[in-house]
$ cat run05.txt   # compact mmCIF, C-alpha atoms and all ligand atoms
# COMPACT_ATOMS: atom_id res chain seq x y z
CA MET J 1 75.99 107.15 86.18
CA VAL J 2 77.06 104.09 84.16
CA TYR J 3 74.10 101.85 83.27
CA HIS J 4 74.79 98.14 83.82
CA LYS J 5 72.08 96.28 81.94
CA GLY J 6 72.96 92.89 83.48
CA LEU J 7 72.90 94.26 87.02
CA HIS J 8 69.52 95.90 86.47
CA ARG J 9 67.99 92.77 84.93
CA TYR J 10 69.40 90.65 87.73
CA SER J 11 67.81 92.87 90.39
CA VAL J 12 64.46 92.71 88.55
CA ILE J 13 64.70 88.88 88.58
CA LEU J 14 65.49 88.97 92.32
CA ALA J 15 62.42 91.18 92.88
CA VAL J 16 60.23 88.68 91.01
CA CYS J 17 61.68 85.77 93.06
CA THR J 18 61.02 87.71 96.26
CA PHE J 19 57.41 88.20 95.26
CA GLY J 20 57.17 84.42 94.75
CA LEU J 21 58.73 83.91 98.18
CA ILE J 22 56.15 86.20 99.79
CA PHE J 23 53.40 84.16 98.16
CA ALA J 24 55.04 80.93 99.40
CA GLY J 25 55.35 82.39 102.93
CA GLY J 26 51.72 83.50 102.83
CA LEU J 27 50.79 79.90 101.96
CA VAL J 28 52.65 78.65 105.05
CA THR J 29 50.50 80.83 107.31
CA SER J 30 47.25 80.36 105.35
CA THR J 31 47.56 76.57 105.53
CA GLY J 32 48.60 76.69 109.18
CA SER J 33 51.84 74.84 108.33
CA GLY J 34 54.16 77.07 110.40
CA LEU J 35 55.08 74.26 112.79
CA SER J 36 55.09 71.36 110.33
CA VAL J 37 58.86 71.40 110.55
CA PRO J 38 59.65 71.77 114.25
CA ASP J 39 63.41 72.33 114.02
CA TRP J 40 65.62 74.97 112.44
CA PRO J 41 68.06 75.44 110.68
CA ASN J 42 67.78 71.68 110.04
CA THR J 43 64.63 70.01 108.74
CA TYR J 44 63.78 66.98 110.90
CA GLY J 45 67.48 66.69 111.65
CA TYR J 46 68.48 66.70 107.95
CA PHE J 47 70.58 69.40 106.34
CA MET J 48 67.86 71.42 104.57
CA PHE J 49 68.87 70.56 100.99
CA ALA J 50 69.36 66.86 101.84
CA PHE J 51 65.79 66.40 103.11
CA PRO J 52 64.33 63.38 101.22
CA ILE J 53 61.67 64.37 98.70
CA ASP J 54 59.41 61.42 99.64
CA LYS J 55 59.13 62.85 103.16
CA MET J 56 57.66 66.10 101.80
CA VAL J 57 54.05 65.50 102.80
CA GLY J 58 51.23 67.59 104.31
CA GLY J 59 52.24 70.96 105.75
CA ILE J 60 55.94 70.07 105.36
CA VAL J 61 55.51 70.76 101.61
CA TYR J 62 54.66 74.41 102.33
CA GLU J 63 57.07 75.04 105.21
CA HIS J 64 60.09 73.25 103.72
CA THR J 65 59.56 74.68 100.21
CA HIS J 66 59.30 78.15 101.78
CA ARG J 67 62.64 77.67 103.53
CA MET J 68 64.30 76.45 100.34
CA ILE J 69 63.02 79.36 98.23
CA ALA J 70 64.13 81.70 101.05
CA SER J 71 67.65 80.23 100.93
CA VAL J 72 67.83 80.77 97.17
CA VAL J 73 66.62 84.37 97.54
CA GLY J 74 69.18 84.88 100.32
CA LEU J 75 71.99 83.60 98.07
CA LEU J 76 70.80 85.76 95.14
CA THR J 77 70.79 88.78 97.47
CA VAL J 78 74.40 88.16 98.54
CA ILE J 79 75.40 87.91 94.86
CA LEU J 80 73.57 91.19 94.14
CA ALA J 81 75.43 92.96 96.96
CA ILE J 82 78.80 91.65 95.71
CA TRP J 83 77.93 92.70 92.16
CA LEU J 84 76.92 96.16 93.32
CA GLY J 85 80.10 96.34 95.41
CA LYS J 86 82.22 95.64 92.30
CA LYS J 87 80.39 97.61 89.59
CA GLU J 88 78.35 100.37 91.23
CA GLU J 89 79.96 103.79 91.61
CA ARG J 90 77.23 105.26 93.85
CA LYS J 91 78.30 104.51 97.42
CA TRP J 92 74.77 104.82 98.85
CA LEU J 93 73.57 102.14 96.42
CA ARG J 94 76.39 99.81 97.39
CA VAL J 95 75.36 100.35 101.01
CA LEU J 96 71.72 99.60 100.09
CA GLY J 97 72.93 96.26 98.70
CA TYR J 98 74.49 95.45 102.10
CA VAL J 99 71.28 96.59 103.84
CA ALA J 100 69.36 94.08 101.67
CA VAL J 101 71.73 91.31 102.78
CA ALA J 102 71.31 92.31 106.45
CA ALA J 103 67.51 92.33 105.98
CA VAL J 104 67.41 88.88 104.36
CA ILE J 105 69.62 87.41 107.11
CA ALA J 106 67.46 89.01 109.84
CA GLN J 107 64.39 87.67 108.04
CA GLY J 108 65.78 84.13 108.00
CA VAL J 109 66.63 84.38 111.72
CA LEU J 110 63.11 85.67 112.53
CA GLY J 111 61.68 82.77 110.49
CA GLY J 112 63.79 80.30 112.48
CA LEU J 113 62.97 81.92 115.82
CA THR J 114 59.24 81.94 115.14
CA VAL J 115 59.47 78.15 114.67
CA LEU J 116 61.66 77.57 117.74
CA TYR J 117 59.40 79.71 119.96
CA LEU J 118 56.18 78.15 118.54
CA LEU J 119 54.97 81.12 116.47
CA PRO J 120 54.79 83.95 119.03
CA VAL J 121 52.69 86.85 117.69
CA SER J 122 55.46 89.46 117.90
CA ILE J 123 58.04 87.40 115.96
CA SER J 124 55.54 86.21 113.34
CA VAL J 125 54.31 89.80 112.80
CA GLY J 126 57.94 90.98 112.61
CA HIS J 127 58.66 88.26 110.02
CA ALA J 128 55.60 89.32 107.96
CA ALA J 129 56.53 93.03 108.11
CA LEU J 130 60.23 92.50 107.31
CA ALA J 131 59.23 90.34 104.32
CA GLN J 132 57.39 93.30 102.81
CA THR J 133 60.22 95.70 103.71
CA PHE J 134 62.81 93.45 102.07
CA PHE J 135 60.67 93.22 98.93
CA ALA J 136 60.45 97.02 98.82
CA ILE J 137 64.26 97.35 99.20
CA VAL J 138 64.91 94.93 96.33
CA CYS J 139 62.39 96.72 94.08
CA ALA J 140 64.02 100.05 94.93
CA ILE J 141 67.44 98.63 93.95
CA ALA J 142 65.91 97.48 90.64
CA LEU J 143 64.71 101.05 90.03
CA PHE J 144 68.02 102.68 91.08
CA THR J 145 69.95 100.45 88.66
CA SER J 146 67.59 101.20 85.75
CA ARG J 147 68.47 103.36 82.77
CA TRP J 148 65.54 105.66 83.62
CA TRP J 149 67.00 106.53 87.03
CA GLY J 150 70.27 107.62 85.46
CA GLU J 151 68.59 110.04 83.06
CA GLU J 152 67.50 113.64 83.67
CA HIS J 153 63.78 113.90 84.52
CA SER J 154 63.48 117.08 86.62
CA LEU J 155 60.30 119.11 86.41
CA SER J 156 59.68 122.44 88.07
CA ALA J 157 59.10 121.72 91.80
CA ASP J 158 55.88 123.74 92.02
CA ASN J 159 53.17 123.16 94.65
CA VAL J 160 51.52 120.41 92.62
CA GLY J 161 54.79 118.51 92.27
CA ARG J 162 55.79 118.90 95.91
CA ARG J 163 52.31 117.81 97.01
CA LEU J 164 52.59 114.69 94.86
CA VAL J 165 55.91 113.74 96.48
CA TRP J 166 54.53 114.05 100.01
CA LEU J 167 51.19 112.50 99.12
CA SER J 168 52.84 109.40 97.70
CA ILE J 169 55.18 109.09 100.70
CA GLY J 170 52.18 109.50 103.06
CA THR J 171 50.22 106.87 101.12
CA THR J 172 53.18 104.48 101.33
CA ALA J 173 53.28 104.95 105.12
CA ALA J 174 49.51 104.35 105.38
CA VAL J 175 49.82 101.13 103.34
CA TYR J 176 52.74 99.93 105.49
CA ILE J 177 50.69 100.48 108.65
CA GLN J 178 47.84 98.51 107.03
CA LEU J 179 50.19 95.58 106.33
CA ILE J 180 51.16 95.53 109.99
CA PHE J 181 47.50 95.61 111.06
CA GLY J 182 46.88 92.76 108.60
CA ALA J 183 49.74 90.72 110.05
CA LEU J 184 48.48 91.39 113.59
CA MET J 185 45.05 90.20 112.51
CA ARG J 186 46.49 87.04 110.98
CA HIS J 187 48.76 86.09 113.85
CA THR J 188 46.29 86.89 116.64
CA HIS J 189 43.75 84.73 114.75
CA SER J 190 41.33 87.63 114.43
CA GLY J 191 40.49 87.11 110.73
CA LEU J 192 37.10 85.52 111.34
CA VAL J 193 36.07 87.09 114.63
CA VAL J 194 33.80 89.33 112.54
CA PRO J 195 32.25 86.92 110.02
CA ASP J 196 30.16 89.33 107.91
CA PHE J 197 31.08 92.06 105.42
CA PRO J 198 30.58 95.00 104.78
CA LEU J 199 28.71 95.19 108.12
CA ALA J 200 30.37 93.87 111.25
CA TRP J 201 28.06 91.64 113.29
CA GLY J 202 25.23 93.47 111.49
CA GLN J 203 26.46 96.86 112.80
CA LEU J 204 28.75 99.62 111.55
CA PHE J 205 30.98 99.02 114.56
CA PRO J 206 30.20 95.95 116.67
CA SER J 207 29.26 96.39 120.30
CA LEU J 208 32.02 95.23 122.64
CA SER J 209 29.84 94.80 125.74
CA PRO J 210 30.32 91.47 127.61
CA ASP J 211 26.78 90.38 126.60
CA ALA J 212 27.42 91.12 122.93
CA ILE J 213 30.75 89.25 122.99
CA ALA J 214 29.10 86.25 124.69
CA SER J 215 26.43 86.22 121.97
CA TYR J 216 29.07 86.46 119.18
CA ASN J 217 30.86 83.47 120.73
CA SER J 218 27.77 81.30 120.83
CA ARG J 219 26.79 82.29 117.27
CA LEU J 220 30.28 81.45 115.98
CA ILE J 221 30.19 78.05 117.71
CA ASP J 222 26.65 77.34 116.42
CA ALA J 223 27.74 78.20 112.87
CA ASN J 224 30.71 75.83 113.30
CA LEU J 225 33.05 78.69 112.50
CA TRP J 226 34.77 78.85 115.81
CA LEU J 227 35.24 75.72 117.88
CA ALA J 228 35.19 75.98 121.64
CA ALA J 229 38.76 74.59 121.41
CA ASP J 230 39.88 77.82 119.70
CA GLY J 231 39.08 79.69 122.93
CA GLN J 232 36.71 82.59 123.43
CA VAL J 233 36.70 85.42 120.92
CA THR J 234 37.85 88.52 122.79
CA GLY J 235 37.09 92.24 122.46
CA GLY J 236 40.79 92.77 121.68
CA GLN J 237 40.57 90.50 118.63
CA ILE J 238 37.46 92.30 117.41
CA LEU J 239 39.23 95.65 117.84
CA ILE J 240 42.24 94.44 115.82
CA HIS J 241 39.90 93.19 113.09
CA MET J 242 38.00 96.49 112.97
CA LEU J 243 41.24 98.49 112.97
CA HIS J 244 42.24 96.69 109.75
CA ARG J 245 38.84 97.35 108.16
CA LEU J 246 38.68 101.02 109.18
CA TRP J 247 42.27 101.71 108.20
CA ALA J 248 41.41 100.14 104.81
CA VAL J 249 39.08 103.12 104.30
CA VAL J 250 41.93 105.57 105.02
CA VAL J 251 44.27 103.66 102.69
CA THR J 252 41.64 103.55 99.93
CA VAL J 253 40.99 107.29 100.12
CA MET J 254 44.73 108.06 100.06
CA ILE J 255 45.38 105.71 97.16
CA ILE J 256 42.55 107.14 95.07
CA TRP J 257 43.64 110.70 95.89
CA THR J 258 47.23 109.86 94.86
CA ALA J 259 46.09 108.08 91.70
CA ILE J 260 43.88 111.00 90.63
CA SER J 261 46.70 113.48 91.31
CA ILE J 262 49.00 111.55 88.99
CA LEU J 263 46.43 110.98 86.27
CA ARG J 264 45.51 114.68 86.21
CA ASN J 265 49.13 115.80 86.02
CA ARG J 266 49.66 116.14 82.26
CA LEU J 267 53.32 117.08 82.72
CA LEU J 268 54.21 113.61 83.93
CA GLU J 269 55.49 111.09 81.43
CA LYS J 270 53.40 108.00 80.66
CA ARG J 271 55.71 105.74 82.70
CA VAL J 272 54.72 107.61 85.88
CA ARG J 273 51.05 108.13 85.01
CA VAL J 274 50.45 104.37 84.67
CA PHE J 275 51.07 104.07 88.41
CA GLY J 276 47.66 105.73 88.78
CA TYR J 277 45.96 102.89 86.89
CA TYR J 278 47.92 100.24 88.83
CA LEU J 279 46.97 101.78 92.16
CA ILE J 280 43.25 101.96 91.35
CA SER J 281 43.17 98.39 89.99
CA PHE J 282 45.12 96.95 92.92
CA ILE J 283 43.03 98.64 95.59
CA ILE J 284 39.75 97.44 94.03
CA LEU J 285 41.21 93.92 93.79
CA GLN J 286 42.53 94.06 97.37
CA ILE J 287 39.24 95.13 98.95
CA THR J 288 37.45 92.40 96.99
CA LEU J 289 40.01 89.83 98.17
CA GLY J 290 39.73 91.12 101.75
CA ALA J 291 35.94 90.78 101.65
CA PHE J 292 36.19 87.26 100.19
CA THR J 293 38.83 86.31 102.77
CA VAL J 294 36.09 86.82 105.34
CA LEU J 295 33.15 85.49 103.31
CA THR J 296 34.94 82.29 102.17
CA ARG J 297 36.10 81.74 105.76
CA LYS J 298 39.73 82.23 104.81
CA ALA J 299 39.98 80.12 101.65
CA VAL J 300 43.71 79.44 101.33
CA ASP J 301 44.12 80.81 97.78
CA ILE J 302 42.08 83.99 98.37
CA THR J 303 43.77 84.76 101.69
CA THR J 304 47.25 84.22 100.27
CA LEU J 305 46.45 86.39 97.25
CA HIS J 306 45.30 89.08 99.69
CA VAL J 307 48.78 89.00 101.32
CA ALA J 308 50.51 89.06 97.92
CA VAL J 309 48.45 91.94 96.49
CA GLY J 310 49.15 93.83 99.76
CA ALA J 311 52.86 93.49 98.91
CA LEU J 312 52.23 94.69 95.34
CA ILE J 313 50.40 97.78 96.63
CA LEU J 314 53.30 98.57 98.95
CA VAL J 315 55.95 98.36 96.23
CA THR J 316 53.80 100.32 93.78
CA CYS J 317 53.60 103.12 96.36
CA VAL J 318 57.33 102.93 97.13
CA LEU J 319 58.27 103.04 93.43
CA LEU J 320 55.85 105.89 92.79
CA SER J 321 57.30 107.88 95.73
CA LEU J 322 60.80 107.36 94.36
CA HIS J 323 59.74 108.44 90.86
CA ALA J 324 58.05 111.55 92.27
CA ALA J 325 61.07 112.38 94.45
CA LYS J 326 63.39 111.96 91.45
CA ILE J 327 61.25 114.21 89.26
CA TYR J 328 60.35 116.95 91.75
CA GLY J 329 63.02 116.55 94.44
CA VAL J 330 62.25 116.08 98.12
CA ARG J 331 63.65 119.33 99.44
CA ARG J 332 63.90 122.64 97.69
CA SER J 333 67.07 124.52 98.34
CA PRO J 334 68.61 127.01 95.89
CA ALA J 335 71.48 124.60 95.24
CA SER J 336 69.16 121.75 94.33
CA VAL J 337 66.64 123.56 92.14
CA PRO J 338 66.33 121.25 89.12
CA VAL J 339 67.70 122.34 85.77
CA ALA J 340 64.23 122.76 84.26
CA THR J 341 63.24 125.14 87.07
CA LYS J 342 66.33 127.26 86.54
CA VAL J 343 65.53 127.56 82.84
CA GLU J 344 61.88 128.43 83.56
CA ASN J 345 62.90 130.98 86.20
CA GLN J 346 65.29 132.59 83.73
CA ALA J 347 62.50 132.71 81.12
CA LYS J 348 60.15 134.33 83.67
CA GLY J 349 62.86 136.88 84.49
CA MET J 350 63.24 137.70 80.78
CA GLU J 351 59.45 138.15 80.44
CA ALA J 352 59.44 140.55 83.40
CA ILE J 353 62.17 142.67 81.76
CA VAL J 354 60.37 142.69 78.40
C1 LIG A 401 64.02 86.05 102.67
C2 LIG A 401 63.54 85.26 103.53
C3 LIG A 401 62.08 85.10 103.86
C4 LIG A 401 60.97 85.80 103.45
C5 LIG A 401 60.90 87.00 102.51
C6 LIG A 401 59.83 85.20 104.11
C7 LIG A 401 58.52 85.60 103.96
C8 LIG A 401 57.44 85.09 104.64
C9 LIG A 401 56.10 85.56 104.52
C10 LIG A 401 55.61 86.70 103.62
C11 LIG A 401 55.33 84.82 105.35
C12 LIG A 401 53.83 84.97 105.56
C13 LIG A 401 53.59 85.85 106.75
C14 LIG A 401 52.13 86.08 106.95
O1 LIG A 401 51.33 85.66 106.11
O2 LIG A 401 51.77 86.73 107.92
C15 LIG A 401 56.18 83.86 106.00
C16 LIG A 401 55.76 82.92 106.92
C17 LIG A 401 56.60 82.05 107.56
N1 LIG A 401 57.97 81.92 107.36
FE1 LIG A 401 59.12 83.01 106.12
N2 LIG A 401 60.27 84.17 104.91
C18 LIG A 401 61.63 84.07 104.77
C19 LIG A 401 62.47 83.16 105.38
C20 LIG A 401 62.05 82.19 106.28
C21 LIG A 401 62.92 81.22 106.88
C22 LIG A 401 64.43 81.06 106.63
C23 LIG A 401 62.16 80.48 107.71
C24 LIG A 401 62.73 79.36 108.56
C25 LIG A 401 62.10 78.62 109.31
C26 LIG A 401 60.79 80.97 107.63
C27 LIG A 401 59.70 80.48 108.32
C28 LIG A 401 58.42 80.92 108.21
C29 LIG A 401 57.29 80.41 108.98
C30 LIG A 401 57.36 79.31 110.04
C31 LIG A 401 56.16 81.12 108.59
C32 LIG A 401 54.74 80.95 109.14
C33 LIG A 401 54.58 81.87 110.34
C34 LIG A 401 53.22 81.76 110.99
O3 LIG A 401 52.33 81.09 110.47
O4 LIG A 401 53.05 82.38 112.07
N3 LIG A 401 60.77 82.02 106.73
N4 LIG A 401 57.48 84.04 105.54
C1 LIG A 402 43.43 98.77 102.02
C2 LIG A 402 43.38 97.60 101.62
C3 LIG A 402 43.95 96.41 102.33
C4 LIG A 402 45.26 96.02 102.40
C5 LIG A 402 46.48 96.73 101.80
C6 LIG A 402 45.29 94.78 103.15
C7 LIG A 402 46.41 94.04 103.42
C8 LIG A 402 46.45 92.89 104.19
C9 LIG A 402 47.61 92.10 104.42
C10 LIG A 402 48.97 92.37 103.79
C11 LIG A 402 47.26 91.08 105.25
C12 LIG A 402 48.17 89.98 105.77
C13 LIG A 402 49.33 90.53 106.48
C14 LIG A 402 50.35 89.47 106.74
O1 LIG A 402 50.11 88.57 107.51
O2 LIG A 402 51.45 89.58 106.16
C15 LIG A 402 45.86 91.21 105.52
C16 LIG A 402 45.13 90.35 106.30
C17 LIG A 402 43.76 90.33 106.32
N1 LIG A 402 42.92 91.22 105.70
FE1 LIG A 402 43.43 92.84 104.61
N2 LIG A 402 44.00 94.46 103.54
C18 LIG A 402 43.16 95.43 103.05
C19 LIG A 402 41.79 95.49 103.18
C20 LIG A 402 41.02 94.51 103.76
C21 LIG A 402 39.59 94.51 103.81
C22 LIG A 402 38.68 95.61 103.26
C23 LIG A 402 39.22 93.38 104.45
C24 LIG A 402 37.80 92.95 104.70
C25 LIG A 402 37.38 92.59 105.83
C26 LIG A 402 40.42 92.65 104.82
C27 LIG A 402 40.47 91.44 105.49
C28 LIG A 402 41.61 90.82 105.93
C29 LIG A 402 41.62 89.62 106.75
C30 LIG A 402 40.40 88.86 107.26
C31 LIG A 402 42.97 89.31 107.01
C32 LIG A 402 43.51 88.18 107.87
C33 LIG A 402 43.52 86.90 107.12
C34 LIG A 402 43.95 85.78 108.05
O3 LIG A 402 43.63 85.82 109.23
O4 LIG A 402 44.59 84.85 107.56
N3 LIG A 402 41.51 93.38 104.36
N4 LIG A 402 45.38 92.32 104.86
$ encode --input "run05.txt" --output "structure tokens"
Amino acid sequence: MVYHKGLHRYSVILAVCTFGLIFAGGLVTSTGSGLSVPDWPNTYGYFMFAFPIDKMVGGIVYEHTHRMIASVVGLLTVILAIWLGKKEERKWLRVLGYVAVAAVIAQGVLGGLTVLYLLPVSISVGHAALAQTFFAIVCAIALFTSRWWGEEHSLSADNVGRRLVWLSIGTTAAVYIQLIFGALMRHTHSGLVVPDFPLAWGQLFPSLSPDAIASYNSRLIDANLWLAADGQVTGGQILIHMLHRLWAVVVTVMIIWTAISILRNRLLEKRVRVFGYYLISFIILQITLGAFTVLTRKAVDITTLHVAVGALILVTCVLLSLHAAKIYGVRRSPASVPVATKVENQAKGMEAIV
């Protein structure tokens, strides 16, 4: 594989811009500015880039800025795909570049549709989930174009190695599910239906009986947390909220298990072992942010950081899975036994003869 330094650096920059875009999108939802600009693709009838700066007030600042950053990221993605198409010899990577373009276009259309249909839950959740998926694709492209990916890193695919590959893929899936639960919570307005933490309405799992729900409603209204105009809190919303909290336990256990497996594996190079430290730091930060999202009654900065760190956890898991798959391989067939394994097997054979 030929290493193109410029192409790799460019994809890293695109990944950083995408992270900024996710933060900007999170701000749109956290500030409730999703409908500040009611039309799309125009902004109050103006071509997006011709919208007068003095009219950027209130929620329009968040929504319009988000659209502009999204357009820049879209353009950068098209340039990346063209660049890959011209310079990259691996066909699957060229195809991944086109997949990124398709994802960014679909994401823009979902963003527009969620405005035109007044933020329906399904489209807003789809927009939130595709944002994270797109970020993961761009980060994967940055890894595939790196010098490290082109070098030989195979280790013997023993049980420990194979377990690490599947553990990191499983952890990635668990995190992805958690992001969807989080988006469901956000767009069904279930973030504050359980206002205490770590207990939930003073219980491990809140009662969902009609009497209990009626009492939660009156307590929320008394505490000025939930206005009657928001409608009654429902059992469904409480279930969605609890699903996110309980699944957080599963995700935390899997992340710590994965992190410990990497840190204890002395054969892995430092570059891979640091993922263990990232994972542990991010999960502690994320649970703290989740708790404070509830306890600060969804402070805009804390809540948006919670969305952004969720994205960081996802890409850390995706990149770790790709590193593990590169080092140990995903499948083990005689034809694909890594070079190091062949050498070790030969050595074992020699020992047996001696
Ligand atoms: C690459 C393109 C884009 C990315 C990565 C992206 C990302 C995001 C993210 C992460 C959120 C926060 C979701 C949440 O917190 O649950 C969001 C919200 C939002 N985005 Fe985008 N976005 C993109 C393009 C667009 C475009 C072109 C529009 C056009 C109108 C748009 C409109 C919105 C709206 C209205 C919200 C708020 C939704 C709500 O509150 O229900 N987005 N975006
Ligand atoms: C395993 C760790 C966790 C991860 C990866 C995670 C991730 C997320 C993400 C990505 C979102 C927003 C999704 C979106 O709209 O795009 C979210 C929402 C939310 N999370 Fe978490 N979360 C975790 C743990 C927690 C914990 C322990 C709590 C504490 C109760 C919590 C409370 C919340 C709340 C209240 C919201 C909704 C905020 C709103 O309505 O605006 N999270 N979570």
$ residues_near_point --input "run05.txt" --point "(69.4, 94.7, 103.2)" --cutoff "10 Å" --atoms "all atoms listed in the file" --output "list in words"
Thr77, Val78, Ala81, Val95, Leu96, Gly97, Tyr98, Val99, Ala100, Val101, Ala102, Ala103, Val104, Ile105, Ala106, Gln107, Thr133, Phe134, Phe135, Ile137 and Val138 of chain J
$ residues_near_ligand --input "run05.txt" --ligand "ligand LIG 402 (chain A)" --cutoff "7 Å" --atoms "only C-alpha atoms and all ligand atoms" --output "ChimeraX atom specification"
/J:26,30,125,128-129,175,178-180,182-187,189-192,197,244-245,247-249,251-252,283,286-287,290-291,293-294,298,303,306-308,310-311,313
$ axis_aligned_box --input "run05.txt" --around "ligand LIG 401 (chain A)" --padding-each-side "3 Å" --output "AutoDock Vina command-line options"
--center_x 57.9 --center_y 82.8 --center_z 107.3 --size_x 19.1 --size_y 14.4 --size_z 15.6
$ closest_residue --input "run05.txt" --among "J:Leu263, J:Val115, J:Leu167, J:Leu227" --to "ligand LIG 401 (chain A)" --atoms "only C-alpha atoms and all ligand atoms"
J:Val115
$ closest_residue --input "run05.txt" --among "J:Tyr117, J:Trp92, J:Phe51, J:Tyr46" --to "ligand LIG 401 (chain A)" --atoms "all atoms listed in the file"
J:Tyr117
$ atom_distance --input "run05.txt" --atom1 "atom CA of Tyr278 of chain J" --atom2 "atom CA of Thr316 of chain J"
7.7 Å
$ residues_around --input "run05.txt" --residues "segment 3-10 of chain J" --least-positions-apart "6" --cutoff "12 Å" --atoms "all atoms listed in the file" --output "PyMOL selection string"
chain J and resi 16-17+73+76-77+79-90+97+138-151
$ closest_residue --input "run05.txt" --among "J:Thr234, J:Ser209, J:Thr258, J:Asn42" --to "ligand LIG 401 (chain A)" --atoms "all atoms listed in the file"
J:Asn42
$ atom_distance --input "run05.txt" --atom1 "atom CA of Leu110 of chain J" --atom2 "atom C25 of ligand LIG 401 (chain A)"
7.8 Å
$ atom_distance --input "run05.txt" --atom1 "atom CA of Gly112 of chain J" --atom2 "atom C31 of ligand LIG 401 (chain A)"
8.6 Å
$ residues_around --input "run05.txt" --residues "Val272 of chain J" --least-positions-apart "6" --cutoff "10 Å" --atoms "only C-alpha atoms" --output "count of residues only"
8
$ residues_near_point --input "run05.txt" --point "(61.3, 78.7, 107.4)" --cutoff "7 Å" --atoms "all atoms listed in the file" --output "list in words"
Glu63, His64, His66, Arg67, Gly111 and Gly112 of chain J
$ write_last_selection --input "run05.txt" --atoms "C-alpha atoms" --output "PDB file, in the coordinates of the input"
ATOM      1  CA  GLU J  63      57.070  75.040 105.210  1.00  0.00           C
ATOM      2  CA  HIS J  64      60.090  73.250 103.720  1.00  0.00           C
ATOM      3  CA  HIS J  66      59.300  78.150 101.780  1.00  0.00           C
ATOM      4  CA  ARG J  67      62.640  77.670 103.530  1.00  0.00           C
ATOM      5  CA  GLY J 111      61.680  82.770 110.490  1.00  0.00           C
ATOM      6  CA  GLY J 112      63.790  80.300 112.480  1.00  0.00           C
TER       7      GLY J 112
END
$ closest_residue --input "run05.txt" --among "J:Val250, J:Ile177, J:Leu295, J:Ala70" --to "ligand LIG 401 (chain A)" --atoms "only C-alpha atoms and all ligand atoms"
J:Ala70
$ closest_residue --input "run05.txt" --among "J:Asn224, J:Thr304, J:Ser281, J:Ser154" --to "ligand LIG 401 (chain A)" --atoms "all atoms listed in the file"
J:Thr304
$ residues_around --input "run05.txt" --residues "Val165 of chain J" --least-positions-apart "3" --cutoff "12 Å" --atoms "only C-alpha atoms" --output "list of chain:residue names"
J:Ala157, J:Asp158, J:Asn159, J:Val160, J:Gly161, J:Arg162, J:Ser168, J:Ile169, J:Gly170, J:Thr171, J:Thr172, J:Thr258, J:Ser261, J:Ile262, J:Cys317, J:Val318, J:Leu319, J:Leu320, J:Ser321, J:Leu322, J:His323, J:Ala324, J:Ala325, J:Lys326, J:Ile327, J:Tyr328, J:Gly329, J:Val330, J:Arg331
$ closest_residue --input "run05.txt" --among "J:Gly126, J:Gly45, J:Gly58, J:Gly108" --to "ligand LIG 401 (chain A)" --atoms "all atoms listed in the file"
J:Gly108
$ decode --input "run05.txt" --residues "segment 55-65 of chain J" --atoms "N, CA and C atoms" --output "JSON list (two decimals), in the first residue's frame"
[["chain", "number", "residue", "atom", "x", "y", "z"],
["J", 55, "LYS", "N", -29.41, 38.99, 11.08],
["J", 55, "LYS", "CA", -30.66, 38.28, 11.38],
["J", 55, "LYS", "C", -30.40, 36.99, 12.18],
["J", 56, "MET", "N", -29.11, 36.74, 12.44],
["J", 56, "MET", "CA", -28.75, 35.54, 13.22],
["J", 56, "MET", "C", -28.97, 35.83, 14.71],
["J", 57, "VAL", "N", -30.18, 35.61, 15.18],
["J", 57, "VAL", "CA", -30.47, 35.89, 16.59],
["J", 57, "VAL", "C", -31.16, 34.67, 17.21],
["J", 58, "GLY", "N", -31.12, 34.59, 18.54],
["J", 58, "GLY", "CA", -31.82, 33.52, 19.26],
["J", 58, "GLY", "C", -31.41, 32.14, 18.77],
["J", 59, "GLY", "N", -32.41, 31.25, 18.63],
["J", 59, "GLY", "CA", -32.14, 29.87, 18.23],
["J", 59, "GLY", "C", -31.61, 29.75, 16.81],
["J", 60, "ILE", "N", -31.85, 30.82, 15.99],
["J", 60, "ILE", "CA", -31.37, 30.78, 14.59],
["J", 60, "ILE", "C", -29.84, 30.62, 14.58],
["J", 61, "VAL", "N", -29.18, 31.22, 15.58],
["J", 61, "VAL", "CA", -27.71, 31.13, 15.64],
["J", 61, "VAL", "C", -27.30, 29.66, 15.62],
["J", 62, "TYR", "N", -27.95, 28.85, 16.48],
["J", 62, "TYR", "CA", -27.57, 27.43, 16.58],
["J", 62, "TYR", "C", -27.96, 26.66, 15.32],
["J", 63, "GLU", "N", -29.23, 26.83, 14.90],
["J", 63, "GLU", "CA", -29.73, 26.01, 13.79],
["J", 63, "GLU", "C", -29.03, 26.37, 12.48],
["J", 64, "HIS", "N", -28.89, 27.69, 12.22],
["J", 64, "HIS", "CA", -28.29, 28.10, 10.95],
["J", 64, "HIS", "C", -26.79, 27.76, 10.91],
["J", 65, "THR", "N", -26.10, 28.01, 12.06],
["J", 65, "THR", "CA", -24.67, 27.68, 12.11],
["J", 65, "THR", "C", -24.47, 26.18, 11.87]]
